[in-house]
file coords07.cif (mmCIF, C-alpha atoms)
data_upload
loop_
_atom_site.label_atom_id
_atom_site.label_comp_id
_atom_site.auth_asym_id
_atom_site.auth_seq_id
_atom_site.Cartn_x
_atom_site.Cartn_y
_atom_site.Cartn_z
CA ALA D 1284 15.15 8.82 -12.42
CA ALA D 1285 13.16 11.69 -13.91
CA ARG D 1286 12.89 9.89 -17.25
CA CYS D 1287 11.60 6.76 -15.56
CA GLU D 1288 8.89 8.67 -13.72
CA LYS D 1289 7.27 10.10 -16.83
CA SER D 1290 4.14 8.33 -18.03
CA ALA D 1291 5.49 7.46 -21.46
CA ARG D 1292 3.90 4.39 -23.00
CA SER D 1293 7.24 2.61 -23.47
CA PRO D 1294 9.75 3.72 -20.80
CA PRO D 1295 13.51 3.51 -21.49
CA ALA D 1296 15.19 0.15 -20.99
CA GLU D 1297 16.99 1.35 -17.86
CA CYS D 1298 13.60 1.86 -16.20
CA ARG D 1299 12.79 -1.85 -16.40
CA ARG D 1300 14.02 -4.64 -14.18
CA ARG D 1301 15.41 -7.96 -15.31
CA ALA D 1302 12.77 -10.48 -14.29
CA PRO D 1303 14.04 -13.37 -12.14
CA CYS D 1304 11.96 -15.81 -14.19
CA ASP D 1305 9.96 -15.94 -17.41
CA LEU D 1306 7.51 -13.18 -16.51
CA ARG D 1307 5.49 -11.60 -19.32
CA VAL D 1308 2.71 -9.04 -19.65
CA PHE D 1309 -0.77 -9.44 -21.08
CA ASP D 1310 -2.47 -6.19 -22.13
CA PRO D 1311 -6.29 -6.33 -22.02
CA GLY D 1312 -6.46 -2.89 -23.66
CA ARG D 1313 -5.46 0.64 -22.73
CA ALA D 1314 -9.02 1.36 -21.63
CA PHE D 1315 -8.27 -0.68 -18.52
CA HIS D 1316 -4.92 0.83 -17.54
CA ARG D 1317 -3.61 3.94 -19.31
CA ASP D 1318 -7.01 5.51 -20.05
CA VAL D 1319 -8.27 4.92 -16.51
CA ILE D 1320 -5.51 7.27 -15.36
CA LEU D 1321 -5.72 9.80 -18.19
CA GLN D 1322 -9.51 10.09 -18.27
CA SER D 1323 -10.37 10.03 -14.55
CA ARG D 1324 -10.68 12.88 -12.09
CA PRO D 1325 -9.37 13.08 -8.51
CA ARG D 1326 -11.65 11.95 -5.68
CA GLU D 1327 -11.79 14.35 -2.75
CA TRP D 1328 -12.91 12.57 0.41
CA ALA D 1329 -12.22 15.52 2.71
CA LYS D 1330 -10.10 18.66 2.75
CA ASN D 1331 -6.44 17.60 2.28
CA ASN D 1332 -7.58 14.00 1.70
CA VAL D 1333 -7.62 13.46 -2.04
CA ASP D 1334 -6.94 10.41 -4.21
CA ALA D 1335 -5.63 11.32 -7.65
CA PRO D 1336 -5.40 8.93 -10.62
CA ASN D 1337 -1.65 9.04 -11.10
CA ARG D 1338 1.47 7.08 -10.18
CA HIS D 1339 1.33 8.46 -6.62
CA PHE D 1340 -2.04 6.81 -5.88
CA GLN D 1341 -1.42 4.97 -2.61
CA ASN D 1342 -3.09 1.77 -3.85
CA GLY D 1343 -1.66 1.91 -7.36
CA VAL D 1344 0.90 -0.88 -7.12
CA GLU D 1345 -0.21 -2.15 -10.54
CA TRP D 1346 1.16 0.99 -12.23
CA TRP D 1347 4.61 0.36 -10.77
CA VAL D 1348 4.62 -3.36 -11.56
CA HIS D 1349 3.42 -2.73 -15.11
CA ARG D 1350 6.07 -0.08 -15.72
CA ALA D 1351 8.92 -2.20 -14.43
CA LEU D 1352 8.24 -5.47 -16.19
CA PRO D 1353 9.70 -6.54 -19.52
CA PRO D 1354 8.70 -6.87 -22.30
CA PRO D 1355 7.12 -3.50 -23.14
CA ALA D 1356 3.41 -3.28 -22.43
CA GLY D 1357 1.08 -3.83 -25.34
CA GLU D 1358 1.25 -7.61 -25.82
CA ARG D 1359 -2.24 -8.82 -26.65
CA ASN D 1360 -1.39 -11.97 -28.58
CA ALA D 1361 -2.08 -14.88 -26.23
CA SER D 1362 -0.02 -17.20 -28.43
CA ALA D 1363 3.08 -15.17 -27.52
CA LEU D 1364 2.47 -16.05 -23.87
CA VAL D 1365 2.55 -19.81 -24.35
CA GLY D 1366 5.07 -21.37 -21.98
CA ALA D 1367 5.40 -18.29 -19.77
CA ARG D 1368 5.90 -19.15 -16.13
CA ARG D 1369 3.97 -16.07 -15.00
CA VAL D 1370 1.85 -13.53 -16.86
CA PHE D 1371 1.05 -10.15 -15.33
CA VAL D 1372 -2.42 -9.05 -16.42
CA ALA D 1373 -2.21 -5.28 -16.86
CA ALA D 1374 -5.69 -4.31 -15.69
CA TYR D 1375 -5.61 -1.55 -13.07
CA PHE D 1376 -8.34 -2.82 -10.77
CA SER D 1377 -7.41 -0.53 -7.86
CA TYR D 1378 -7.70 2.56 -10.07
CA MET D 1379 -10.96 1.27 -11.51
CA PHE D 1380 -12.33 0.61 -8.01
CA ILE D 1381 -11.88 4.26 -7.00
CA PHE D 1382 -12.09 6.16 -10.29
CA ALA D 1383 -13.93 4.04 -12.89
CA PRO D 1384 -15.85 1.10 -11.36
CA HIS D 1385 -18.07 0.89 -14.45
CA LYS D 1386 -15.08 -0.47 -16.41
CA VAL D 1387 -14.57 -3.60 -14.31
CA PRO D 1388 -17.02 -5.93 -16.15
CA ALA D 1389 -15.56 -4.94 -19.52
CA ALA D 1390 -12.04 -5.46 -18.21
CA LEU D 1391 -12.87 -9.00 -17.12
CA SER D 1392 -14.50 -9.74 -20.47
CA SER D 1393 -11.45 -8.44 -22.34
CA ILE D 1394 -9.10 -10.58 -20.25
CA GLU D 1395 -11.17 -13.71 -20.82
CA ALA D 1396 -11.42 -12.99 -24.55
CA GLY D 1397 -7.65 -12.71 -24.77
CA LEU D 1398 -6.50 -15.47 -22.42
CA GLY D 1399 -9.42 -17.88 -22.60
CA ALA D 1400 -12.04 -18.95 -20.11
CA GLY D 1401 -9.50 -20.82 -18.01
CA TRP D 1402 -7.25 -17.81 -17.41
CA ARG D 1403 -8.03 -17.80 -13.68
CA ARG D 1404 -6.85 -21.38 -13.16
CA GLY D 1405 -3.40 -22.88 -12.80
CA GLY D 1406 -1.65 -20.10 -10.88
CA ARG D 1407 0.10 -18.67 -13.94
CA ASN D 1408 -1.67 -15.33 -14.26
CA VAL D 1409 -1.05 -12.51 -11.80
CA VAL D 1410 -3.47 -9.64 -11.06
CA ALA D 1411 -2.83 -6.64 -8.81
CA HIS D 1412 -5.44 -5.44 -6.33
CA GLY D 1413 -3.59 -2.75 -4.39
CA HIS D 1414 -6.78 -1.59 -2.68
CA PRO D 1415 -8.34 -4.05 -0.18
CA GLY D 1416 -11.76 -3.33 -1.66
CA ALA D 1417 -10.75 -3.78 -5.29
CA CYS D 1418 -10.96 -7.57 -5.54
CA VAL D 1419 -13.68 -8.99 -7.76
CA GLY D 1420 -14.92 -12.54 -8.10
CA GLY D 1421 -13.68 -12.75 -11.67
CA THR D 1422 -10.05 -12.80 -10.50
CA SER D 1423 -10.46 -15.20 -7.58
CA GLY D 1424 -8.43 -17.99 -9.19
CA ALA D 1425 -5.51 -15.82 -10.30
CA VAL D 1426 -2.48 -15.05 -8.15
CA ARG D 1427 -3.33 -11.73 -6.52
CA LEU D 1428 -0.95 -8.97 -5.45
CA LEU D 1429 -2.49 -7.57 -2.23
CA VAL D 1430 -1.69 -5.16 0.58
CA ASP D 1431 -3.84 -7.44 2.76
CA ASP D 1432 -6.50 -10.11 2.37
CA CYS D 1433 -9.29 -8.17 4.07
CA SER D 1434 -12.52 -6.60 2.79
CA SER D 1435 -13.38 -7.86 -0.71
CA CYS D 1436 -9.97 -9.55 -0.92
CA GLY D 1437 -10.72 -11.82 2.04
CA GLY D 1438 -9.93 -15.45 1.50
CA SER D 1439 -7.59 -14.82 -1.43
CA ARG D 1440 -5.44 -17.86 -2.08
CA PRO D 1441 -2.84 -17.73 -3.35
CA TYR D 1442 -1.66 -14.15 -2.98
CA ILE D 1443 1.56 -12.18 -2.78
CA ALA D 1444 1.89 -9.38 -0.24
CA VAL D 1445 2.89 -6.00 -1.67
CA PRO D 1446 3.40 -2.56 -0.09
CA TYR D 1447 1.41 0.61 -0.46
CA VAL D 1448 2.81 3.21 -2.83
CA VAL D 1449 4.92 5.82 -1.05
CA SER D 1450 6.44 7.98 -3.78
CA ARG D 1451 6.26 11.55 -2.48
CA PRO D 1452 7.12 14.11 -1.23
CA ALA D 1453 10.57 14.11 -2.81
CA TRP D 1454 12.36 14.77 0.48
CA LEU D 1455 10.80 11.66 2.02
CA VAL D 1456 11.72 9.21 -0.75
CA ALA D 1457 15.07 10.69 -1.82
CA ALA D 1458 18.10 8.40 -2.07
CA GLU D 1459 19.49 10.13 1.00
CA PRO D 1460 17.41 9.78 4.19
CA PRO D 1461 15.39 12.78 5.38
CA PRO D 1462 17.39 15.35 7.35
CA GLY D 1463 17.93 14.44 10.97
CA ARG D 1464 15.43 15.81 13.44
CA ASN D 1465 15.20 15.98 17.18
CA ARG D 1466 13.10 12.89 17.83
CA SER D 1467 11.54 14.19 21.01
CA ILE D 1468 8.40 12.06 20.64
CA LEU D 1469 8.64 8.42 21.62
CA LEU D 1470 5.44 7.27 19.88
CA PHE D 1471 3.36 9.07 17.25
CA PHE D 1472 0.01 8.28 15.68
CA ARG D 1473 -2.56 10.22 13.73
CA GLY D 1474 -5.48 8.54 11.99
CA HIS D 1475 -9.22 8.21 11.83
CA LEU D 1476 -11.31 5.88 13.94
CA PRO D 1477 -12.86 3.19 11.73
CA ARG D 1478 -16.52 2.35 12.08
CA VAL D 1479 -17.15 -0.38 14.66
CA SER D 1480 -19.07 -2.33 12.04
CA ILE D 1481 -15.82 -2.55 10.03
CA GLU D 1482 -13.23 -2.88 12.78
CA SER D 1483 -15.11 -4.86 15.42
CA ARG D 1484 -11.95 -5.56 17.43
CA SER D 1485 -11.55 -1.84 18.22
CA VAL D 1486 -7.77 -2.06 18.36
CA ARG D 1487 -7.22 1.47 17.11
CA ARG D 1488 -9.95 2.96 19.28
CA THR D 1489 -8.60 1.24 22.41
CA MET D 1490 -5.02 2.35 21.74
CA LEU D 1491 -5.95 5.96 21.08
CA LYS D 1492 -8.01 6.21 24.23
CA ALA D 1493 -5.28 4.71 26.43
CA LEU D 1494 -2.38 6.67 24.95
CA ALA D 1495 -4.06 10.07 25.01
CA GLY D 1496 -2.22 12.36 27.42
CA GLN D 1497 0.83 10.16 27.88
CA PRO D 1498 3.86 12.48 28.16
CA ASP D 1499 6.03 10.80 25.53
CA ALA D 1500 3.28 9.97 23.04
CA LEU D 1501 1.62 12.19 20.45
CA VAL D 1502 -1.74 10.73 19.50
CA GLU D 1503 -4.19 12.58 17.28
CA ALA D 1504 -7.56 11.20 16.19
CA ALA D 1505 -8.80 12.35 12.80
CA THR D 1506 -12.22 11.81 11.30
CA ALA D 1507 -13.35 10.49 7.95
CA ARG D 1508 -16.86 11.95 8.19
CA PRO D 1509 -18.20 14.06 5.29
CA GLY D 1510 -17.03 17.65 5.54
CA ALA D 1511 -14.02 16.72 7.65
CA SER D 1512 -10.70 18.50 7.27
CA TYR D 1513 -7.34 16.73 7.40
CA GLU D 1514 -4.08 18.47 8.15
CA PRO D 1515 -1.78 18.82 5.12
CA HIS D 1516 -0.08 15.50 4.53
CA GLY D 1517 3.37 17.05 4.55
CA ASP D 1518 2.78 18.32 8.10
CA TYR D 1519 1.73 14.83 9.17
CA LEU D 1520 4.89 13.32 7.69
CA LYS D 1521 7.08 15.90 9.42
CA LYS D 1522 5.67 14.74 12.76
CA MET D 1523 6.97 11.28 11.89
CA LEU D 1524 10.43 12.82 11.61
CA ARG D 1525 10.10 13.97 15.23
CA ALA D 1526 9.14 10.52 16.53
CA THR D 1527 11.19 7.42 17.30
CA PHE D 1528 8.28 4.98 16.88
CA CYS D 1529 5.12 5.30 14.79
CA LEU D 1530 2.03 3.34 15.75
CA SER D 1531 0.48 1.34 12.91
CA PRO D 1532 -2.61 -0.44 14.29
CA ARG D 1533 -5.22 -2.16 12.16
CA GLY D 1534 -8.03 0.14 11.04
CA ASP D 1535 -10.55 -0.46 8.28
CA THR D 1536 -8.32 -3.39 7.28
CA SER D 1537 -5.14 -4.89 8.69
CA SER D 1538 -2.72 -2.97 6.46
CA SER D 1539 -1.82 0.70 6.49
CA LYS D 1540 0.13 3.08 4.28
CA ARG D 1541 1.61 4.67 7.41
CA THR D 1542 3.74 1.54 7.96
CA TYR D 1543 5.70 2.36 4.81
CA GLU D 1544 5.67 6.13 5.32
CA SER D 1545 7.12 5.70 8.79
CA ILE D 1546 9.94 3.50 7.44
CA ALA D 1547 10.78 6.18 4.87
CA ALA D 1548 10.79 8.80 7.64
CA GLY D 1549 13.12 6.78 9.88
CA CYS D 1550 10.32 6.21 12.38
CA ILE D 1551 10.17 2.58 13.54
CA PRO D 1552 6.69 1.17 12.82
CA VAL D 1553 4.83 -0.54 15.65
CA ILE D 1554 2.48 -2.91 13.85
CA ILE D 1555 -0.63 -4.18 15.64
CA ALA D 1556 -2.45 -6.34 13.12
CA ASP D 1557 -2.65 -10.09 13.60
CA GLY D 1558 -2.54 -12.12 10.43
CA LEU D 1559 -1.09 -9.32 8.31
CA ARG D 1560 1.45 -10.66 5.84
CA LEU D 1561 4.21 -8.17 5.19
CA PRO D 1562 5.89 -7.77 1.79
CA PHE D 1563 9.11 -9.57 0.91
CA GLU D 1564 9.24 -11.56 4.16
CA ARG D 1565 11.39 -14.19 2.44
CA TRP D 1566 14.12 -11.62 1.92
CA LEU D 1567 13.55 -8.97 4.61
CA ASP D 1568 13.88 -9.48 8.35
CA TRP D 1569 11.08 -7.18 9.47
CA THR D 1570 12.11 -7.56 13.12
CA ALA D 1571 15.28 -5.63 12.23
CA PHE D 1572 13.36 -2.41 11.58
CA SER D 1573 9.88 -2.79 13.07
CA VAL D 1574 8.09 -3.86 16.25
CA ARG D 1575 5.12 -6.19 16.16
CA VAL D 1576 2.56 -6.44 18.98
CA LYS D 1577 -0.23 -9.00 19.30
CA GLU D 1578 -3.72 -7.52 19.20
CA ALA D 1579 -4.70 -9.38 22.38
CA SER D 1580 -1.75 -7.90 24.27
CA ALA D 1581 -2.53 -4.38 23.09
CA LEU D 1582 -6.22 -4.73 23.99
CA ALA D 1583 -5.52 -6.24 27.42
CA ASP D 1584 -2.92 -3.65 28.43
CA PRO D 1585 -2.50 -0.80 25.92
CA LEU D 1586 0.13 0.98 27.99
CA SER D 1587 2.33 -2.12 27.86
CA VAL D 1588 3.18 -1.03 24.33
CA LEU D 1589 4.78 2.15 25.69
CA ARG D 1590 6.64 0.20 28.37
CA THR D 1591 8.01 -2.17 25.74
CA LEU D 1592 9.24 0.70 23.57
CA ARG D 1593 10.82 2.53 26.50
CA ALA D 1594 12.76 -0.62 27.40
CA ILE D 1595 14.43 -1.01 24.00
CA PRO D 1596 18.13 -0.04 24.36
CA ALA D 1597 19.28 3.07 22.51
CA ALA D 1598 21.80 1.07 20.48
CA ARG D 1599 19.03 -1.25 19.30
CA VAL D 1600 16.85 1.72 18.34
CA ALA D 1601 19.70 3.26 16.34
CA ALA D 1602 20.26 -0.03 14.52
CA MET D 1603 16.58 -0.31 13.64
CA GLN D 1604 16.60 3.21 12.21
CA ALA D 1605 19.83 2.77 10.22
#
call {"tool": "encode", "arguments": {"input": "coords07.cif", "output": "structure tokens"}}
result
Amino acid sequence: AARCEKSARSPPAECRRRAPCDLRVFDPGRAFHRDVILQSRPREWAKNNVDAPNRHFQNGVEWWVHRALPPPAGERNASALVGARRVFVAAYFSYMFIFAPHKVPAALSSIEAGLGAGWRRGGRNVVAHGHPGACVGGTSGAVRLLVDDCSSCGGSRPYIAVPYVVSRPAWLVAAEPPPGRNRSILLFFRGHLPRVSIESRSVRRTMLKALAGQPDALVEAATARPGASYEPHGDYLKKMLRATFCLSPRGDTSSSKRTYESIAAGCIPVIIADGLRLPFERWLDWTAFSVRVKEASALADPLSVLRTLRAIPAARVAAMQA
């Protein structure tokens, strides 16, 4: 595992997955993937809230896809891609969106120069946009890998739902589940309140206001304002270990990294985000390990969420956490 995690240009064969179909990689140039990571600096949004340009970047699904796919990255000869059923275009648009937005036009030009002007048509080429704001018009006809189709990714068709990156701390993502804790909290949530201009439905704001002070709920509102201070992320994750359910309402967009962090922590996610497509729904029965609540129901009677969770039998809860 340690060998696979290193950022070597050509990882060992055991680090790659056998593709289920003819899936190849087009490399538009290292300036648009490897160098974006190596030459960028972390972005600090607030104390203890920092995005770093590495494999742990929460929106960096393209790094993981690129690393896993055969053949080795570096293929720039379009003729070698003739007949491929799918081609993953290795441009790290999510990293560029946060760390190097000036590179996006050049990345699009490089892709078009290599694949031709019609590269966005036909549904063959696949582009990752792991950040909801990272979509650009130049990729609108490609198959997009998205955490959700909100913000600049709104209206994306077709697209494939992918998860956020949850790759640390080591104790959270180890092969063995985190050590058992006394889950004395029924429902836990900590997060910022999105601007009303972004989240006009006010789902998160309504839930936080209603749940505040409930005896079996721990609800903490953070702030994303300049100069704000977040609690250390490890402390936040440890609170998930003390909770049976973790609230995951829509915020700035319909998706949330906390959905995947809570699963890793053995805390059953309670998802309140209509229209959100979850990853791997063809193969995973999300009802087996999560609870989904309609936005209208949560807005009409926020405390009904608590009543629903309290009514779930202990055996069912244990099965959902297994």
call {"tool": "atom_distance", "arguments": {"input": "coords07.cif", "atom1": "CA of Arg1575 in chain D", "atom2": "CA of Val1344 in chain D"}}
result
24.2 Å
call {"tool": "atom_distance", "arguments": {"input": "coords07.cif", "atom1": "CA of Arg1466 in chain D", "atom2": "CA of Ser1537 in chain D"}}
result
27.1 Å
call {"tool": "resolve_selection", "arguments": {"input": "coords07.cif", "expression": "the PyMOL selection byres ((chain D and resi 1498-1507) around 10)", "output": "NGL selection string"}}
result
:D and (1328-1329 or 1332 or 1467-1478 or 1487-1488 or 1490-1497 or 1508-1514 or 1522 or 1526 or 1528-1530 or 1589 or 1593)
call {"tool": "resolve_selection", "arguments": {"input": "coords07.cif", "expression": "the PyMOL selection byres ((chain D and resi 1443-1447) around 9)", "output": "PyMOL selection string"}}
result
chain D and resi 1340-1344+1413-1414+1426-1432+1441-1442+1448-1449+1538-1543+1560-1564
call {"tool": "residues_around", "arguments": {"input": "coords07.cif", "residues": "Leu1364 in chain D", "least_positions_apart": "5", "cutoff": "12 Å", "atoms": "all atoms listed in the file", "output": "PDB file with C-alpha atoms, in the coordinates of the input"}}
result
ATOM      1  CA  ASP D1305       9.960 -15.940 -17.410  1.00  0.00           C
ATOM      2  CA  LEU D1306       7.510 -13.180 -16.510  1.00  0.00           C
ATOM      3  CA  ARG D1307       5.490 -11.600 -19.320  1.00  0.00           C
ATOM      4  CA  VAL D1308       2.710  -9.040 -19.650  1.00  0.00           C
ATOM      5  CA  PHE D1309      -0.770  -9.440 -21.080  1.00  0.00           C
ATOM      6  CA  ASP D1310      -2.470  -6.190 -22.130  1.00  0.00           C
ATOM      7  CA  PRO D1354       8.700  -6.870 -22.300  1.00  0.00           C
ATOM      8  CA  GLU D1358       1.250  -7.610 -25.820  1.00  0.00           C
ATOM      9  CA  ARG D1359      -2.240  -8.820 -26.650  1.00  0.00           C
ATOM     10  CA  ARG D1369       3.970 -16.070 -15.000  1.00  0.00           C
ATOM     11  CA  VAL D1370       1.850 -13.530 -16.860  1.00  0.00           C
ATOM     12  CA  PHE D1371       1.050 -10.150 -15.330  1.00  0.00           C
ATOM     13  CA  VAL D1372      -2.420  -9.050 -16.420  1.00  0.00           C
ATOM     14  CA  GLY D1397      -7.650 -12.710 -24.770  1.00  0.00           C
ATOM     15  CA  LEU D1398      -6.500 -15.470 -22.420  1.00  0.00           C
ATOM     16  CA  TRP D1402      -7.250 -17.810 -17.410  1.00  0.00           C
ATOM     17  CA  ARG D1407       0.100 -18.670 -13.940  1.00  0.00           C
ATOM     18  CA  ASN D1408      -1.670 -15.330 -14.260  1.00  0.00           C
TER      19      ASN D1408
END
call {"tool": "resolve_selection", "arguments": {"input": "coords07.cif", "expression": "the PyMOL selection byres ((chain D and resi 1546) around 10)", "output": "CSV table (one decimal) with C-alpha atoms, in the frame of the given file"}}
result
chain,number,residue,atom,x,y,z
D,1455,LEU,CA,10.8,11.7,2.0
D,1523,MET,CA,7.0,11.3,11.9
D,1528,PHE,CA,8.3,5.0,16.9
D,1529,CYS,CA,5.1,5.3,14.8
D,1541,ARG,CA,1.6,4.7,7.4
D,1542,THR,CA,3.7,1.5,8.0
D,1543,TYR,CA,5.7,2.4,4.8
D,1544,GLU,CA,5.7,6.1,5.3
D,1545,SER,CA,7.1,5.7,8.8
D,1547,ALA,CA,10.8,6.2,4.9
D,1548,ALA,CA,10.8,8.8,7.6
D,1549,GLY,CA,13.1,6.8,9.9
D,1550,CYS,CA,10.3,6.2,12.4
D,1551,ILE,CA,10.2,2.6,13.5
D,1552,PRO,CA,6.7,1.2,12.8
D,1572,PHE,CA,13.4,-2.4,11.6
D,1573,SER,CA,9.9,-2.8,13.1
D,1603,MET,CA,16.6,-0.3,13.6
D,1604,GLN,CA,16.6,3.2,12.2
call {"tool": "axis_aligned_box", "arguments": {"input": "coords07.cif", "around": "range 1535-1546 of chain D", "padding_each_side": "4 Å", "output": "JSON"}}
result
{"center_x": -0.3, "center_y": 0.6, "center_z": 6.5, "size_x": 28.5, "size_y": 19.0, "size_z": 12.5}
call {"tool": "atom_distance", "arguments": {"input": "coords07.cif", "atom1": "CA of Arg1533 in chain D", "atom2": "CA of Val1486 in chain D"}}
result
6.7 Å
call {"tool": "closest_residue", "arguments": {"input": "coords07.cif", "among": "D:Ala1374, D:Ala1571, D:Ile1595, D:Ala1579", "to": "Thr1527 in chain D", "atoms": "only C-alpha atoms"}}
result
D:Ile1595
call {"tool": "closest_residue", "arguments": {"input": "coords07.cif", "among": "D:Val1576, D:Leu1520, D:Ala1363, D:Ala1314", "to": "Arg1451 in chain D", "atoms": "all atoms listed in the file"}}
result
D:Leu1520
call {"tool": "closest_residue", "arguments": {"input": "coords07.cif", "among": "D:Ala1597, D:Ala1458, D:Leu1582, D:Met1379", "to": "Arg1324 in chain D", "atoms": "all atoms listed in the file"}}
result
D:Met1379
call {"tool": "residues_around", "arguments": {"input": "coords07.cif", "residues": "Ala1417 in chain D", "least_positions_apart": "6", "cutoff": "10 Å", "atoms": "all atoms listed in the file", "output": "ChimeraX atom specification"}}
result
/D:1342,1375-1381,1384,1387,1411,1429,1434-1436
call {"tool": "closest_residue", "arguments": {"input": "coords07.cif", "among": "D:Val1456, D:Ala1361, D:Val1348, D:Ala1601", "to": "Val1409 in chain D", "atoms": "only C-alpha atoms"}}
result
D:Val1348
call {"tool": "residues_around", "arguments": {"input": "coords07.cif", "residues": "Pro1325 in chain D", "least_positions_apart": "3", "cutoff": "8 Å", "atoms": "all atoms listed in the file", "output": "number ranges by chain"}}
result
D: 1333-1336, 1382
call {"tool": "decode", "arguments": {"input": "coords07.cif", "residues": "range 1511-1523 of chain D", "atoms": "N, CA, C and O atoms", "output": "short mmCIF file (atom, residue, chain, number, x, y, z; two decimals), in the first residue's frame"}}
result
data_model
loop_
_atom_site.label_atom_id
_atom_site.label_comp_id
_atom_site.auth_asym_id
_atom_site.auth_seq_id
_atom_site.Cartn_x
_atom_site.Cartn_y
_atom_site.Cartn_z
N ALA D 1511 -12.03 33.19 10.09
CA ALA D 1511 -12.66 32.18 10.94
C ALA D 1511 -11.64 31.12 11.34
O ALA D 1511 -10.61 30.95 10.72
N SER D 1512 -11.98 30.40 12.40
CA SER D 1512 -11.12 29.32 12.88
C SER D 1512 -11.95 28.04 12.98
O SER D 1512 -13.00 28.03 13.60
N TYR D 1513 -11.48 26.97 12.34
CA TYR D 1513 -12.13 25.68 12.40
C TYR D 1513 -11.46 24.85 13.48
O TYR D 1513 -10.28 25.04 13.80
N GLU D 1514 -12.19 23.91 14.07
CA GLU D 1514 -11.53 22.99 14.98
C GLU D 1514 -10.68 22.02 14.16
O GLU D 1514 -10.95 21.79 12.97
N PRO D 1515 -9.61 21.48 14.75
CA PRO D 1515 -8.79 20.52 14.01
C PRO D 1515 -9.65 19.40 13.43
O PRO D 1515 -10.55 18.90 14.09
N HIS D 1516 -9.36 19.02 12.19
CA HIS D 1516 -10.23 18.07 11.51
C HIS D 1516 -10.27 16.73 12.22
O HIS D 1516 -11.31 16.05 12.22
N GLY D 1517 -9.16 16.34 12.82
CA GLY D 1517 -9.15 15.07 13.55
C GLY D 1517 -10.13 15.07 14.71
O GLY D 1517 -10.78 14.04 14.99
N ASP D 1518 -10.29 16.21 15.39
CA ASP D 1518 -11.25 16.31 16.49
C ASP D 1518 -12.67 16.17 15.97
O ASP D 1518 -13.52 15.55 16.62
N TYR D 1519 -12.93 16.77 14.82
CA TYR D 1519 -14.25 16.67 14.19
C TYR D 1519 -14.57 15.21 13.85
O TYR D 1519 -15.67 14.71 14.12
N LEU D 1520 -13.60 14.51 13.29
CA LEU D 1520 -13.83 13.11 12.91
C LEU D 1520 -14.06 12.24 14.15
O LEU D 1520 -14.85 11.29 14.10
N LYS D 1521 -13.37 12.54 15.23
CA LYS D 1521 -13.54 11.74 16.45
C LYS D 1521 -14.95 11.91 17.03
O LYS D 1521 -15.46 11.00 17.69
N LYS D 1522 -15.58 13.05 16.78
CA LYS D 1522 -16.97 13.22 17.20
C LYS D 1522 -17.88 12.30 16.40
O LYS D 1522 -18.89 11.82 16.92
N MET D 1523 -17.53 12.06 15.13
CA MET D 1523 -18.30 11.10 14.34
C MET D 1523 -18.24 9.70 14.96
O MET D 1523 -19.22 8.95 14.89
#
